[in-house]
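Just below is one structure, and these are the notes that go with it.
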Amino acid sequence: MKPRSPRLAVRALILHQDRLLLVNAYAGGVSDLWCAPGGGVHVGSSMPDNLIREVHEETGLTVSVGAPVLVNEFHAPNHGFHQVDLYFRCQIISGKLDAAWKDPEGVVTERRFFSRAALTGIRFKPDSMPEAAWGAGMLYDPLELIVR
């Protein structure tokens, strides 16, 4: 089997009124796992431009992209999948969450703001996301197994 390169993705840490925006990680109710909005980087487009596109597709919001704050890696060794996510601080510059918004890819069907305290009652990845969202500095979350 020919080795594959890791997939590169970008994700947005969006705090609004001290609550973090998360989206469902898998389509069709396959999992109760939540994650930050974002997705794969398209060749020839900058990471900020990719992130602006992905956040809009998944949430209907337009954001400005700030500094990177977290690098996270995960993989599925049995399938040869390895992804590197770069998380950036982002600010909403226009739009509001609308339950009628449809992700053109059909993956994101739920989007919601969570207080830091409310995160204790849900499943989310990566584990270091709250520290990255509410903390300062740059974090690295080492390679972990993908979860559903």
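Identifiers in this document derive from the order of the structure tokens: chains are assigned A, B, ..., residues are numbered from 1 separately in each chain, and ligands are numbered from 1 in order of occurrence.
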
Subject >> Non-local contacts of Leu61 (chain A) (8 Å; only C-alpha atoms; under 4 positions in same chain excluded) as a PyMOL selection string >> reply: chain A and resi 55-56+92-97

Original post:
Excluding same-chain residues fewer than 5 positions from region 106-115 of chain A, what lies within 6 Å of it counting only C-alpha atoms, as an MDAnalysis selection string?
Top reply: chainID A and resid 19:24 27 58

Could you list, with a cut-off of 10 Å and counting only C-alpha atoms, the residues of region 10-70 of chain A near region 137-145 of chain A, each shown with its nearest atom pair and the distance in Å rounded to one decimal, rows sorted by chain and ascending number, as a Markdown table?
| residue | atom | partner | partner_atom | distance |
| --- | --- | --- | --- | --- |
| A:Ala67 | CA | A:Met138 | CA | 9.2 |
| A:Pro68 | CA | A:Met138 | CA | 7.1 |
| A:Val69 | CA | A:Met138 | CA | 4.4 |
| A:Leu70 | CA | A:Leu139 | CA | 4.6 |

Export of prior selection with C-alpha atoms as a PDB file, in the first residue's frame:
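Below you can see result_20.pdb, which holds the result:
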ATOM      1  CA  ALA A  67      -3.793  33.984  14.873  1.00  0.00           C
ATOM      2  CA  PRO A  68      -3.300  30.212  14.948  1.00  0.00           C
ATOM      3  CA  VAL A  69      -3.656  28.798  18.471  1.00  0.00           C
ATOM      4  CA  LEU A  70      -3.666  24.994  18.204  1.00  0.00           C
TER       5      LEU A  70
END

Original post:
Which of these residues is nearest to Phe88 (chain A), using only C-alpha atoms: A:Ser5, A:Asp49, A:Ala117, A:Asp32?
Top reply: A:Asp49

Could you pull out the strand (DSSP E or B) residues of chain A from DSSP and send them as a CSV table (one decimal) with C-alpha atoms, in the first residue's frame?
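What landed in selection37.csv:
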chain,number,residue,atom,x,y,z
A,7,ARG,CA,-4.7,15.7,5.1
A,8,LEU,CA,-4.5,19.4,6.1
A,9,ALA,CA,-7.5,21.1,7.6
A,10,VAL,CA,-8.3,24.4,9.2
A,11,ARG,CA,-10.7,25.1,12.0
A,12,ALA,CA,-12.2,28.2,13.6
A,13,LEU,CA,-12.3,28.9,17.3
A,14,ILE,CA,-15.2,31.5,17.5
A,15,LEU,CA,-16.0,32.9,20.9
A,16,HIS,CA,-19.2,35.0,21.0
A,19,ARG,CA,-19.5,30.9,24.3
A,20,LEU,CA,-17.7,28.7,21.7
A,21,LEU,CA,-19.3,27.8,18.4
A,22,LEU,CA,-19.3,24.0,17.7
A,23,VAL,CA,-20.8,21.9,14.9
A,24,ASN,CA,-21.7,18.2,14.7
A,33,LEU,CA,-19.3,14.3,18.8
A,34,TRP,CA,-18.9,18.0,18.4
A,35,CYS,CA,-16.0,19.9,16.8
A,38,GLY,CA,-13.8,24.1,9.4
A,39,GLY,CA,-12.5,21.6,6.9
A,40,GLY,CA,-10.0,20.5,4.3
A,62,THR,CA,-18.7,35.4,7.8
A,63,VAL,CA,-15.6,35.5,9.9
A,64,SER,CA,-12.2,37.3,10.0
A,65,VAL,CA,-9.3,35.0,10.7
A,66,GLY,CA,-6.8,35.8,13.4
A,67,ALA,CA,-3.8,34.0,14.9
A,68,PRO,CA,-3.3,30.2,14.9
A,69,VAL,CA,-3.7,28.8,18.5
A,70,LEU,CA,-3.7,25.0,18.2
A,71,VAL,CA,-2.2,22.2,16.1
A,72,ASN,CA,-4.0,18.9,16.5
A,73,GLU,CA,-3.3,15.6,14.8
A,74,PHE,CA,-5.5,12.5,14.6
A,75,HIS,CA,-5.4,9.3,12.6
A,76,ALA,CA,-7.1,6.0,11.8
A,81,PHE,CA,-5.9,8.2,7.4
A,82,HIS,CA,-3.9,11.0,9.2
A,83,GLN,CA,-5.2,14.6,9.5
A,84,VAL,CA,-3.5,17.7,10.8
A,85,ASP,CA,-5.9,20.5,12.0
A,86,LEU,CA,-4.7,24.0,12.4
A,87,TYR,CA,-7.1,26.0,14.7
A,88,PHE,CA,-7.3,29.8,14.3
A,89,ARG,CA,-9.0,32.4,16.5
A,90,CYS,CA,-11.8,34.0,14.4
A,91,GLN,CA,-14.3,36.8,14.9
A,92,ILE,CA,-17.8,37.0,13.4
A,93,ILE,CA,-18.1,39.9,11.1
A,94,SER,CA,-21.5,39.2,9.7
A,111,ARG,CA,-24.4,24.3,15.0
A,112,ARG,CA,-24.5,25.7,18.5
A,113,PHE,CA,-22.7,28.0,21.0
A,114,PHE,CA,-21.6,26.4,24.2
A,115,SER,CA,-20.4,28.0,27.4
A,123,ARG,CA,-18.4,15.0,23.7
A,124,PHE,CA,-16.0,17.1,21.7
A,139,LEU,CA,-0.8,24.6,21.8
A,140,TYR,CA,0.0,21.2,20.2
A,141,ASP,CA,-2.3,18.2,20.7
A,142,PRO,CA,-0.3,15.1,19.7
A,143,LEU,CA,-1.4,12.3,17.4
A,144,GLU,CA,-4.5,10.5,18.7
A,145,LEU,CA,-6.8,7.9,17.4
